[in-house]
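Peer 1: Submitted below is the structure of interest, expressed as structure tokens.
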Amino acid sequence: MPSNAEFNLKRLAKTKLPIEFVREHAGEWDHQAWLEFCSSLEEKGYTPIDLDQVGLLLEQKKVEYWAERNSK
């Protein structure tokens with residue numbers, strides 16, 4: 001059975017929140033933006049969650065974002 005953190009990560013991955021964050025920041029963000037995103041996850045009920053895994057999810061979405069932008 002997955003832990004609550006794993007469950008919340010899977011829930012998050014099924015939403016548009018990660019790609020919306022990447023798009024809002026045009027594929028680049030600073031540490032403050034990252035902290036604000038993490039804080040918003042807590043406010044939206046996605047905790048506990050492994051923030052390292054959230055970072056990897058955002059990096060994956062960033063790759064998708066740049067691939068989409070560069071294909072146009």
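Going through the structure tokens in order, the chains are called A, B, and so on, while each chain numbers its residues from 1 and the ligands are numbered from 1 in the order shown.
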Please identify all polymer residues within 8 Å of segment 16-33 of chain A, counting only C-alpha atoms, omitting same-chain residues fewer than 5 positions from it, and present them as a list in words.
Peer 2: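 Counting only the stated atoms, we get Leu57, Leu58, Lys61, Lys62, Tyr65 and Trp66 of chain A.
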Peer 1: Atoms to include: N, CA and C atoms. Write the selected residues as a PDB file, in the first residue's frame.
Peer 2:
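Okay, part_38.pdb is ready:
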```pdb
ATOM      1  N   LEU A  57       9.068  15.984 -10.643  1.00  0.00           N
ATOM      2  CA  LEU A  57       7.862  16.110 -11.461  1.00  0.00           C
ATOM      3  C   LEU A  57       7.876  17.439 -12.221  1.00  0.00           C
ATOM      4  N   LEU A  58       8.242  18.515 -11.543  1.00  0.00           N
ATOM      5  CA  LEU A  58       8.308  19.813 -12.215  1.00  0.00           C
ATOM      6  C   LEU A  58       9.375  19.821 -13.299  1.00  0.00           C
ATOM      7  N   LYS A  61       7.949  18.141 -16.271  1.00  0.00           N
ATOM      8  CA  LYS A  61       7.002  19.025 -16.951  1.00  0.00           C
ATOM      9  C   LYS A  61       7.742  20.142 -17.686  1.00  0.00           C
ATOM     10  N   LYS A  62       8.871  20.565 -17.140  1.00  0.00           N
ATOM     11  CA  LYS A  62       9.669  21.600 -17.806  1.00  0.00           C
ATOM     12  C   LYS A  62      10.216  21.076 -19.134  1.00  0.00           C
ATOM     13  N   TYR A  65       7.394  21.125 -21.503  1.00  0.00           N
ATOM     14  CA  TYR A  65       7.103  22.507 -21.861  1.00  0.00           C
ATOM     15  C   TYR A  65       8.056  22.990 -22.953  1.00  0.00           C
ATOM     16  N   TRP A  66       9.365  22.778 -22.752  1.00  0.00           N
ATOM     17  CA  TRP A  66      10.348  23.255 -23.730  1.00  0.00           C
ATOM     18  C   TRP A  66      10.249  22.483 -25.038  1.00  0.00           C
TER      19      TRP A  66
END
```
Peer 1: Neighbouring residues of Val54 of chain A were defined as those with any atom within 12 Å, considering only C-alpha atoms; residues of the same chain fewer than 5 positions away were excluded. Please report them as a VMD selection string.
Peer 2: chain A and resid 5 to 6 8 to 13 17 to 19 21 34 to 35 37 to 38 41 46 to 49 59 to 61
Peer 1: Determine which residues of chain A receive a DSSP assignment of alpha helix (DSSP H), computed from the backbone, and state them as an mmCIF file with N, CA and C atoms, in the first residue's frame.
Peer 2:
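selection02.cif was written with the following content:
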```cif
data_model
loop_
_atom_site.group_PDB
_atom_site.id
_atom_site.type_symbol
_atom_site.label_atom_id
_atom_site.label_comp_id
_atom_site.auth_asym_id
_atom_site.auth_seq_id
_atom_site.Cartn_x
_atom_site.Cartn_y
_atom_site.Cartn_z
ATOM 1 N N ASN A 4 1.076 7.866 2.340
ATOM 2 C CA ASN A 4 0.309 9.080 2.059
ATOM 3 C C ASN A 4 1.090 10.013 1.149
ATOM 4 N N ALA A 5 2.405 10.105 1.341
ATOM 5 C CA ALA A 5 3.234 10.973 0.500
ATOM 6 C C ALA A 5 3.214 10.496 -0.949
ATOM 7 N N GLU A 6 3.308 9.195 -1.155
ATOM 8 C CA GLU A 6 3.250 8.647 -2.517
ATOM 9 C C GLU A 6 1.872 8.876 -3.131
ATOM 10 N N PHE A 7 0.842 8.664 -2.339
ATOM 11 C CA PHE A 7 -0.523 8.875 -2.797
ATOM 12 C C PHE A 7 -0.733 10.329 -3.229
ATOM 13 N N ASN A 8 -0.255 11.262 -2.414
ATOM 14 C CA ASN A 8 -0.414 12.682 -2.734
ATOM 15 C C ASN A 8 0.390 13.071 -3.973
ATOM 16 N N LEU A 9 1.557 12.481 -4.155
ATOM 17 C CA LEU A 9 2.343 12.757 -5.356
ATOM 18 C C LEU A 9 1.602 12.276 -6.599
ATOM 19 N N LYS A 10 1.020 11.096 -6.517
ATOM 20 C CA LYS A 10 0.242 10.572 -7.653
ATOM 21 C C LYS A 10 -0.976 11.441 -7.923
ATOM 22 N N ARG A 11 -1.630 11.887 -6.863
ATOM 23 C CA ARG A 11 -2.778 12.803 -7.019
ATOM 24 C C ARG A 11 -2.346 14.078 -7.723
ATOM 25 N N LEU A 12 -1.228 14.636 -7.281
ATOM 26 C CA LEU A 12 -0.718 15.873 -7.871
ATOM 27 C C LEU A 12 -0.368 15.675 -9.340
ATOM 28 N N ALA A 13 0.255 14.566 -9.653
ATOM 29 C CA ALA A 13 0.689 14.298 -11.027
ATOM 30 C C ALA A 13 -0.498 14.210 -11.987
ATOM 31 N N LEU A 17 -1.762 21.256 -12.093
ATOM 32 C CA LEU A 17 -0.992 22.187 -11.263
ATOM 33 C C LEU A 17 0.490 22.245 -11.654
ATOM 34 N N PRO A 18 1.168 21.102 -11.843
ATOM 35 C CA PRO A 18 2.591 21.191 -12.185
ATOM 36 C C PRO A 18 2.850 21.892 -13.525
ATOM 37 N N ILE A 19 2.121 21.540 -14.577
ATOM 38 C CA ILE A 19 2.365 22.169 -15.876
ATOM 39 C C ILE A 19 1.930 23.626 -15.857
ATOM 40 N N GLU A 20 0.890 23.951 -15.105
ATOM 41 C CA GLU A 20 0.485 25.355 -14.989
ATOM 42 C C GLU A 20 1.574 26.181 -14.318
ATOM 43 N N PHE A 21 2.206 25.618 -13.299
ATOM 44 C CA PHE A 21 3.311 26.305 -12.636
ATOM 45 C C PHE A 21 4.449 26.549 -13.625
ATOM 46 N N VAL A 22 4.803 25.523 -14.381
ATOM 47 C CA VAL A 22 5.892 25.643 -15.355
ATOM 48 C C VAL A 22 5.544 26.696 -16.404
ATOM 49 N N ARG A 23 4.332 26.675 -16.899
ATOM 50 C CA ARG A 23 3.909 27.656 -17.915
ATOM 51 C C ARG A 23 3.891 29.068 -17.352
ATOM 52 N N GLU A 24 3.390 29.225 -16.142
ATOM 53 C CA GLU A 24 3.341 30.556 -15.514
ATOM 54 C C GLU A 24 4.738 31.154 -15.355
ATOM 55 N N HIS A 31 14.196 29.954 -6.479
ATOM 56 C CA HIS A 31 13.916 29.219 -5.248
ATOM 57 C C HIS A 31 12.652 29.750 -4.560
ATOM 58 N N GLN A 32 12.455 31.056 -4.597
ATOM 59 C CA GLN A 32 11.271 31.635 -3.961
ATOM 60 C C GLN A 32 9.994 31.118 -4.614
ATOM 61 N N ALA A 33 9.970 31.042 -5.934
ATOM 62 C CA ALA A 33 8.794 30.518 -6.642
ATOM 63 C C ALA A 33 8.559 29.056 -6.263
ATOM 64 N N TRP A 34 9.634 28.306 -6.147
ATOM 65 C CA TRP A 34 9.552 26.901 -5.731
ATOM 66 C C TRP A 34 8.931 26.795 -4.339
ATOM 67 N N LEU A 35 9.405 27.626 -3.412
ATOM 68 C CA LEU A 35 8.870 27.600 -2.049
ATOM 69 C C LEU A 35 7.384 27.960 -2.032
ATOM 70 N N GLU A 36 7.002 28.927 -2.850
ATOM 71 C CA GLU A 36 5.594 29.316 -2.923
ATOM 72 C C GLU A 36 4.745 28.181 -3.495
ATOM 73 N N PHE A 37 5.277 27.462 -4.493
ATOM 74 C CA PHE A 37 4.555 26.324 -5.045
ATOM 75 C C PHE A 37 4.368 25.254 -3.965
ATOM 76 N N CYS A 38 5.434 24.964 -3.242
ATOM 77 C CA CYS A 38 5.347 23.962 -2.169
ATOM 78 C C CYS A 38 4.327 24.375 -1.117
ATOM 79 N N SER A 39 4.319 25.641 -0.770
ATOM 80 C CA SER A 39 3.357 26.155 0.202
ATOM 81 C C SER A 39 1.934 26.008 -0.330
ATOM 82 N N SER A 40 1.743 26.256 -1.617
ATOM 83 C CA SER A 40 0.404 26.133 -2.196
ATOM 84 C C SER A 40 -0.072 24.682 -2.162
ATOM 85 N N LEU A 41 0.856 23.751 -2.287
ATOM 86 C CA LEU A 41 0.475 22.333 -2.207
ATOM 87 C C LEU A 41 -0.063 21.997 -0.826
ATOM 88 N N GLU A 42 0.576 22.546 0.181
ATOM 89 C CA GLU A 42 0.107 22.313 1.549
ATOM 90 C C GLU A 42 -1.292 22.911 1.726
ATOM 91 N N GLU A 43 -1.494 24.131 1.206
ATOM 92 C CA GLU A 43 -2.800 24.790 1.315
ATOM 93 C C GLU A 43 -3.890 23.996 0.599
ATOM 94 N N LEU A 51 8.911 16.435 -1.321
ATOM 95 C CA LEU A 51 9.218 17.606 -2.140
ATOM 96 C C LEU A 51 10.317 17.338 -3.161
ATOM 97 N N ASP A 52 11.205 16.403 -2.880
ATOM 98 C CA ASP A 52 12.203 16.030 -3.886
ATOM 99 C C ASP A 52 11.512 15.439 -5.114
ATOM 100 N N GLN A 53 10.509 14.620 -4.880
ATOM 101 C CA GLN A 53 9.750 14.022 -5.984
ATOM 102 C C GLN A 53 8.913 15.074 -6.709
ATOM 103 N N VAL A 54 8.406 16.041 -5.977
ATOM 104 C CA VAL A 54 7.682 17.148 -6.612
ATOM 105 C C VAL A 54 8.638 17.904 -7.533
ATOM 106 N N GLY A 55 9.859 18.123 -7.067
ATOM 107 C CA GLY A 55 10.861 18.793 -7.898
ATOM 108 C C GLY A 55 11.137 18.023 -9.175
ATOM 109 N N LEU A 56 11.236 16.716 -9.065
ATOM 110 C CA LEU A 56 11.461 15.892 -10.255
ATOM 111 C C LEU A 56 10.264 15.959 -11.193
ATOM 112 N N LEU A 57 9.068 15.984 -10.643
ATOM 113 C CA LEU A 57 7.862 16.110 -11.461
ATOM 114 C C LEU A 57 7.876 17.439 -12.221
ATOM 115 N N LEU A 58 8.242 18.515 -11.543
ATOM 116 C CA LEU A 58 8.308 19.813 -12.215
ATOM 117 C C LEU A 58 9.375 19.821 -13.299
ATOM 118 N N GLU A 59 10.505 19.180 -13.030
ATOM 119 C CA GLU A 59 11.557 19.111 -14.051
ATOM 120 C C GLU A 59 11.076 18.331 -15.276
ATOM 121 N N GLN A 60 10.312 17.282 -15.047
ATOM 122 C CA GLN A 60 9.739 16.507 -16.154
ATOM 123 C C GLN A 60 8.777 17.384 -16.961
ATOM 124 N N LYS A 61 7.949 18.141 -16.271
ATOM 125 C CA LYS A 61 7.002 19.025 -16.951
ATOM 126 C C LYS A 61 7.742 20.142 -17.686
ATOM 127 N N LYS A 62 8.871 20.565 -17.140
ATOM 128 C CA LYS A 62 9.669 21.600 -17.806
ATOM 129 C C LYS A 62 10.216 21.076 -19.134
ATOM 130 N N VAL A 63 10.676 19.833 -19.152
ATOM 131 C CA VAL A 63 11.156 19.214 -20.394
ATOM 132 C C VAL A 63 10.022 19.179 -21.414
ATOM 133 N N GLU A 64 8.828 18.782 -20.980
ATOM 134 C CA GLU A 64 7.672 18.744 -21.874
ATOM 135 C C GLU A 64 7.329 20.149 -22.383
ATOM 136 N N TYR A 65 7.394 21.125 -21.503
ATOM 137 C CA TYR A 65 7.103 22.507 -21.861
ATOM 138 C C TYR A 65 8.056 22.990 -22.953
ATOM 139 N N TRP A 66 9.365 22.778 -22.752
ATOM 140 C CA TRP A 66 10.348 23.255 -23.730
ATOM 141 C C TRP A 66 10.249 22.483 -25.038
ATOM 142 N N ALA A 67 9.942 21.215 -24.982
ATOM 143 C CA ALA A 67 9.769 20.415 -26.209
ATOM 144 C C ALA A 67 8.598 20.967 -27.010
ATOM 145 N N GLU A 68 7.518 21.289 -26.321
ATOM 146 C CA GLU A 68 6.341 21.865 -26.987
ATOM 147 C C GLU A 68 6.660 23.233 -27.574
ATOM 148 N N ARG A 69 7.349 24.067 -26.829
ATOM 149 C CA ARG A 69 7.693 25.419 -27.313
ATOM 150 C C ARG A 69 8.633 25.362 -28.507
ATOM 151 N N ASN A 70 9.596 24.441 -28.456
ATOM 152 C CA ASN A 70 10.591 24.363 -29.535
ATOM 153 C C ASN A 70 10.052 23.691 -30.781
#
```
